[in-house]
Amino acid sequence: MNFYEGLNKLKPHRVLVKFIKNNPEIKTAIDLGCGAGRDTKFLIKNGVNVTAIDRVDVTKFLNEGLEEEEKARLNFVQAQFDDAVLPNADLVVAYESLPFCKKDALVELVSKIKEALNTNGYFLCNFFGKHDSWDENEKVTCLDKDEIEELLKDFKILELNEIEKDGETAMHQTKHWHVYWVIAQKQ
Ligand SMILES: C[S@@+](CC[C@H](N)C(=O)[O-])C[C@H]1O[C@@H](n2cnc3c(N)ncnc32)[C@H](O)[C@@H]1O
């Protein structure tokens, strides 16, 4: 099983499912680092038009299980976050993808996200904390709560929940997860 086949077996993030249930007015979204598309496909199946962005060509996974009428709501863009042009949207989702950006690039990206969001638009994302097993990996940026609040200082932070637990990766490797789950809103 490769990484994307592993991701493809995962359900959409529960926090997103709850958010969409409570915010049915969301019509357009961007999924940054969509992977195999668990969140993209959930949004599409709930009537949202999604621009899904990933540096890897994940078209095969995104199309899997979508009806023709649903595929019309999908716009996949293969790009690095640095280069991607973000369309205007009601919602930006970025789960398990921002930690793979360097801190400077994150500052630029967050500013680009704010620019793209419609007034009162939402930004749902997560960050790894300093106790995460991957903090030792130089390719992963782990942040503390203060750093996240500083990064999102131009947003209204509606929720910032810290969760620590032992668990597994999509490839079934054991790992300690230290994750901050954020719901922020463009002011
Ligand atoms: C761990 S996966 C998470 C995928 C998906 N969000 C999910 O939760 O299932 C991270 C994804 O982000 C993408 N990614 C990471 N850094 C990126 C970058 N700088 N530009 C574009 N895509 C990136 C990777 O290619 C990968 O598909």
# chains A, B, ... in the order shown; residues from 1 in each chain; ligands from 1

call {"tool": "residues_near_ligand", "arguments": {"ligand": "ligand 1", "cutoff": "10 Å", "atoms": "only C-alpha atoms and all ligand atoms", "output": "VMD selection string"}}
result
chain A and resid 3 to 4 6 to 13 31 to 40 52 to 58 77 to 84 93 to 102 105 to 106 109 125 to 126 139 to 140 169 to 170

call {"tool": "write_last_selection", "arguments": {"atoms": "N, CA and C atoms", "output": "short mmCIF file (atom, residue, chain, number, x, y, z; two decimals), in the first residue's frame"}}
result
data_model
loop_
_atom_site.label_atom_id
_atom_site.label_comp_id
_atom_site.auth_asym_id
_atom_site.auth_seq_id
_atom_site.Cartn_x
_atom_site.Cartn_y
_atom_site.Cartn_z
N PHE A 3 1.38 5.58 0.19
CA PHE A 3 0.88 6.62 1.11
C PHE A 3 -0.54 7.08 0.73
N TYR A 4 -0.77 7.31 -0.56
CA TYR A 4 -2.07 7.85 -0.98
C TYR A 4 -3.18 6.79 -0.88
N GLY A 6 -3.20 4.65 1.47
CA GLY A 6 -3.47 4.68 2.91
C GLY A 6 -4.40 5.84 3.26
N LEU A 7 -4.09 7.02 2.73
CA LEU A 7 -4.94 8.20 2.99
C LEU A 7 -6.36 8.00 2.47
N ASN A 8 -6.44 7.29 1.34
CA ASN A 8 -7.73 7.10 0.66
C ASN A 8 -8.70 6.29 1.51
N LYS A 9 -8.17 5.55 2.48
CA LYS A 9 -9.05 4.72 3.32
C LYS A 9 -9.61 5.52 4.50
N LEU A 10 -9.11 6.73 4.69
CA LEU A 10 -9.51 7.50 5.88
C LEU A 10 -10.80 8.28 5.64
N LYS A 11 -11.56 8.43 6.72
CA LYS A 11 -12.82 9.20 6.65
C LYS A 11 -12.50 10.70 6.69
N PRO A 12 -13.45 11.55 6.25
CA PRO A 12 -13.21 12.99 6.38
C PRO A 12 -13.00 13.37 7.84
N HIS A 13 -12.30 14.46 8.08
CA HIS A 13 -12.05 14.89 9.46
C HIS A 13 -13.38 15.23 10.15
N ASP A 31 -9.15 23.11 -0.70
CA ASP A 31 -8.54 22.10 0.17
C ASP A 31 -7.04 22.12 -0.13
N LEU A 32 -6.27 22.66 0.79
CA LEU A 32 -4.82 22.81 0.58
C LEU A 32 -4.08 21.56 1.04
N GLY A 33 -3.43 20.89 0.11
CA GLY A 33 -2.78 19.62 0.44
C GLY A 33 -3.85 18.55 0.59
N CYS A 34 -4.63 18.39 -0.50
CA CYS A 34 -5.84 17.54 -0.42
C CYS A 34 -5.54 16.07 -0.28
N GLY A 35 -4.31 15.64 -0.62
CA GLY A 35 -3.98 14.22 -0.54
C GLY A 35 -4.93 13.40 -1.41
N ALA A 36 -5.43 12.29 -0.86
CA ALA A 36 -6.33 11.43 -1.65
C ALA A 36 -7.74 11.98 -1.68
N GLY A 37 -7.99 13.06 -0.96
CA GLY A 37 -9.24 13.79 -1.13
C GLY A 37 -10.35 13.44 -0.15
N ARG A 38 -9.99 12.96 1.03
CA ARG A 38 -11.08 12.60 1.95
C ARG A 38 -11.96 13.80 2.31
N ASP A 39 -11.35 14.97 2.49
CA ASP A 39 -12.14 16.16 2.83
C ASP A 39 -12.74 16.79 1.57
N THR A 40 -11.97 16.80 0.49
CA THR A 40 -12.47 17.34 -0.79
C THR A 40 -13.75 16.62 -1.19
N ALA A 52 -9.12 21.83 -5.16
CA ALA A 52 -8.25 20.95 -4.37
C ALA A 52 -6.82 21.12 -4.90
N ILE A 53 -5.89 21.43 -3.98
CA ILE A 53 -4.52 21.73 -4.41
C ILE A 53 -3.55 20.75 -3.75
N ASP A 54 -2.67 20.20 -4.57
CA ASP A 54 -1.62 19.33 -4.02
C ASP A 54 -0.45 19.33 -4.99
N ARG A 55 0.77 19.17 -4.45
CA ARG A 55 1.94 19.15 -5.34
C ARG A 55 2.04 17.83 -6.09
N VAL A 56 1.32 16.82 -5.62
CA VAL A 56 1.33 15.50 -6.26
C VAL A 56 0.07 15.36 -7.11
N ASP A 57 0.19 14.70 -8.25
CA ASP A 57 -1.00 14.47 -9.09
C ASP A 57 -1.86 13.37 -8.46
N VAL A 58 -2.91 13.80 -7.80
CA VAL A 58 -3.78 12.85 -7.08
C VAL A 58 -5.13 12.68 -7.79
N VAL A 77 -5.89 21.34 -8.82
CA VAL A 77 -4.72 22.09 -9.30
C VAL A 77 -3.47 21.44 -8.71
N GLN A 78 -2.59 20.96 -9.60
CA GLN A 78 -1.33 20.40 -9.11
C GLN A 78 -0.32 21.54 -8.99
N ALA A 79 0.02 21.90 -7.77
CA ALA A 79 0.92 23.03 -7.55
C ALA A 79 1.51 22.98 -6.15
N GLN A 80 2.65 23.63 -6.00
CA GLN A 80 3.21 23.90 -4.68
C GLN A 80 2.40 25.04 -4.07
N PHE A 81 2.23 25.05 -2.77
CA PHE A 81 1.47 26.13 -2.14
C PHE A 81 2.05 27.50 -2.51
N ASP A 82 3.38 27.59 -2.58
CA ASP A 82 4.05 28.87 -2.89
C ASP A 82 3.59 29.44 -4.22
N ASP A 83 3.34 28.54 -5.18
CA ASP A 83 3.03 28.98 -6.55
C ASP A 83 1.54 29.05 -6.82
N ALA A 84 0.75 28.39 -6.00
CA ALA A 84 -0.68 28.26 -6.30
C ALA A 84 -1.40 29.61 -6.23
N VAL A 93 -9.62 24.75 3.83
CA VAL A 93 -9.32 23.62 4.69
C VAL A 93 -7.87 23.24 4.46
N ALA A 94 -7.13 23.01 5.53
CA ALA A 94 -5.73 22.56 5.37
C ALA A 94 -5.41 21.63 6.54
N TYR A 95 -5.65 20.35 6.33
CA TYR A 95 -5.38 19.37 7.39
C TYR A 95 -4.15 18.53 7.08
N GLU A 96 -3.26 18.46 8.08
CA GLU A 96 -2.01 17.69 8.00
C GLU A 96 -1.17 18.09 6.78
N SER A 97 -1.25 19.34 6.40
CA SER A 97 -0.44 19.77 5.26
C SER A 97 0.43 20.99 5.60
N LEU A 98 -0.08 21.92 6.43
CA LEU A 98 0.71 23.11 6.75
C LEU A 98 2.02 22.79 7.48
N PRO A 99 2.08 21.75 8.31
CA PRO A 99 3.34 21.46 9.00
C PRO A 99 4.48 21.10 8.04
N PHE A 100 4.15 20.84 6.76
CA PHE A 100 5.21 20.50 5.81
C PHE A 100 5.75 21.75 5.10
N CYS A 101 5.34 22.92 5.59
CA CYS A 101 5.87 24.20 5.07
C CYS A 101 6.86 24.76 6.09
N LYS A 102 7.89 25.45 5.60
CA LYS A 102 8.80 26.16 6.49
C LYS A 102 8.05 27.34 7.11
N ALA A 105 7.51 30.39 4.89
CA ALA A 105 6.54 30.10 3.82
C ALA A 105 5.13 30.08 4.40
N LEU A 106 5.01 29.65 5.64
CA LEU A 106 3.69 29.60 6.29
C LEU A 106 3.11 31.00 6.46
N LEU A 109 1.85 32.07 3.17
CA LEU A 109 0.68 31.29 2.78
C LEU A 109 -0.57 31.73 3.54
N CYS A 125 -7.87 24.39 9.96
CA CYS A 125 -6.53 23.84 9.73
C CYS A 125 -6.02 23.17 10.99
N ASN A 126 -4.91 22.47 10.86
CA ASN A 126 -4.24 21.97 12.05
C ASN A 126 -2.73 22.12 11.93
N LYS A 139 12.07 18.39 8.24
CA LYS A 139 11.14 18.78 7.17
C LYS A 139 9.76 19.16 7.72
N VAL A 140 9.57 18.98 9.03
CA VAL A 140 8.27 19.25 9.64
C VAL A 140 8.39 20.45 10.57
N THR A 169 -0.09 6.51 11.97
CA THR A 169 -0.11 7.30 10.74
C THR A 169 -1.00 6.56 9.73
N ALA A 170 -1.19 7.19 8.56
CA ALA A 170 -1.98 6.55 7.51
C ALA A 170 -1.32 5.25 7.06
#

call {"tool": "select_by_dssp", "arguments": {"residues": "segment 5-115 of chain A", "states": "strand (DSSP E)", "output": "ChimeraX atom specification"}}
result
/A:28-32,49-54,74-78,89-94

call {"tool": "write_last_selection", "arguments": {"atoms": "N, CA and C atoms", "output": "short mmCIF file (atom, residue, chain, number, x, y, z; two decimals), in the first residue's frame"}}
result
data_model
loop_
_atom_site.label_atom_id
_atom_site.label_comp_id
_atom_site.auth_asym_id
_atom_site.auth_seq_id
_atom_site.Cartn_x
_atom_site.Cartn_y
_atom_site.Cartn_z
N THR A 28 -18.29 27.42 -1.53
CA THR A 28 -17.01 27.27 -2.23
C THR A 28 -15.89 27.03 -1.22
N ALA A 29 -14.96 26.15 -1.59
CA ALA A 29 -13.87 25.83 -0.65
C ALA A 29 -12.58 25.54 -1.41
N ILE A 30 -11.48 25.69 -0.67
CA ILE A 30 -10.16 25.28 -1.16
C ILE A 30 -9.66 24.24 -0.18
N ASP A 31 -9.15 23.11 -0.70
CA ASP A 31 -8.54 22.10 0.17
C ASP A 31 -7.04 22.12 -0.13
N LEU A 32 -6.27 22.66 0.79
CA LEU A 32 -4.82 22.81 0.58
C LEU A 32 -4.08 21.56 1.04
N ASN A 49 -18.44 23.54 -4.08
CA ASN A 49 -17.47 23.57 -5.19
C ASN A 49 -16.08 23.67 -4.59
N VAL A 50 -15.19 22.73 -4.95
CA VAL A 50 -13.89 22.66 -4.28
C VAL A 50 -12.73 22.82 -5.27
N THR A 51 -11.80 23.73 -4.92
CA THR A 51 -10.50 23.76 -5.58
C THR A 51 -9.55 22.99 -4.68
N ALA A 52 -9.12 21.83 -5.16
CA ALA A 52 -8.25 20.95 -4.37
C ALA A 52 -6.82 21.12 -4.90
N ILE A 53 -5.89 21.43 -3.98
CA ILE A 53 -4.52 21.73 -4.41
C ILE A 53 -3.55 20.75 -3.75
N ASP A 54 -2.67 20.20 -4.57
CA ASP A 54 -1.62 19.33 -4.02
C ASP A 54 -0.45 19.33 -4.99
N LEU A 74 -15.50 19.73 -8.84
CA LEU A 74 -14.08 19.56 -8.46
C LEU A 74 -13.17 20.28 -9.45
N ASN A 75 -12.26 21.08 -8.89
CA ASN A 75 -11.20 21.69 -9.70
C ASN A 75 -9.88 21.32 -9.03
N PHE A 76 -9.15 20.36 -9.62
CA PHE A 76 -7.87 19.98 -9.02
C PHE A 76 -6.74 20.77 -9.66
N VAL A 77 -5.89 21.34 -8.82
CA VAL A 77 -4.72 22.09 -9.30
C VAL A 77 -3.47 21.44 -8.71
N GLN A 78 -2.59 20.96 -9.60
CA GLN A 78 -1.33 20.40 -9.11
C GLN A 78 -0.32 21.54 -8.99
N ALA A 89 -13.01 32.08 -1.91
CA ALA A 89 -13.74 30.93 -1.37
C ALA A 89 -14.35 31.28 -0.02
N ASP A 90 -15.40 30.53 0.35
CA ASP A 90 -16.04 30.71 1.66
C ASP A 90 -15.25 30.00 2.75
N LEU A 91 -14.46 29.00 2.35
CA LEU A 91 -13.79 28.13 3.32
C LEU A 91 -12.45 27.67 2.76
N VAL A 92 -11.42 27.69 3.61
CA VAL A 92 -10.14 27.04 3.27
C VAL A 92 -9.90 25.96 4.31
N VAL A 93 -9.62 24.75 3.83
CA VAL A 93 -9.32 23.62 4.69
C VAL A 93 -7.87 23.24 4.46
N ALA A 94 -7.13 23.01 5.53
CA ALA A 94 -5.73 22.56 5.37
C ALA A 94 -5.41 21.63 6.54
#

call {"tool": "closest_residue", "arguments": {"among": "A:Glu25, A:Glu162, A:Glu5, A:Asp132", "to": "Thr174 of chain A", "atoms": "only C-alpha atoms"}}
result
A:Asp132

call {"tool": "closest_residue", "arguments": {"among": "A:Lys130, A:Glu136, A:Glu147, A:Val182", "to": "Leu16 of chain A", "atoms": "only C-alpha atoms"}}
result
A:Val182

call {"tool": "select_by_dssp", "arguments": {"residues": "chain A", "states": "helix (DSSP H, G or I)", "output": "PyMOL selection string"}}
result
chain A and resi 3-8+14-22+38-45+59-63+68-71+98-100+103-116+133-136+145-151

call {"tool": "closest_residue", "arguments": {"among": "A:Val179, A:Ile113, A:Leu160, A:Leu151", "to": "Phe127 of chain A", "atoms": "only C-alpha atoms"}}
result
A:Val179

call {"tool": "closest_residue", "arguments": {"among": "A:Lys145, A:Trp177, A:Met171, A:Glu64", "to": "Ile157 of chain A", "atoms": "only C-alpha atoms"}}
result
A:Lys145

call {"tool": "atom_distance", "arguments": {"atom1": "atom CA of Asn2 of chain A", "atom2": "atom CA of Lys60 of chain A"}}
result
13.5 Å

call {"tool": "atom_distance", "arguments": {"atom1": "atom CA of Tyr180 of chain A", "atom2": "atom CA of Ile148 of chain A"}}
result
8.6 Å

call {"tool": "closest_residue", "arguments": {"among": "A:Ile44, A:Asn161, A:Gln185, A:Ser111", "to": "Gly65 of chain A", "atoms": "only C-alpha atoms"}}
result
A:Ile44

call {"tool": "atom_distance", "arguments": {"atom1": "atom CA of Glu115 of chain A", "atom2": "atom CA of Leu158 of chain A"}}
result
18.7 Å
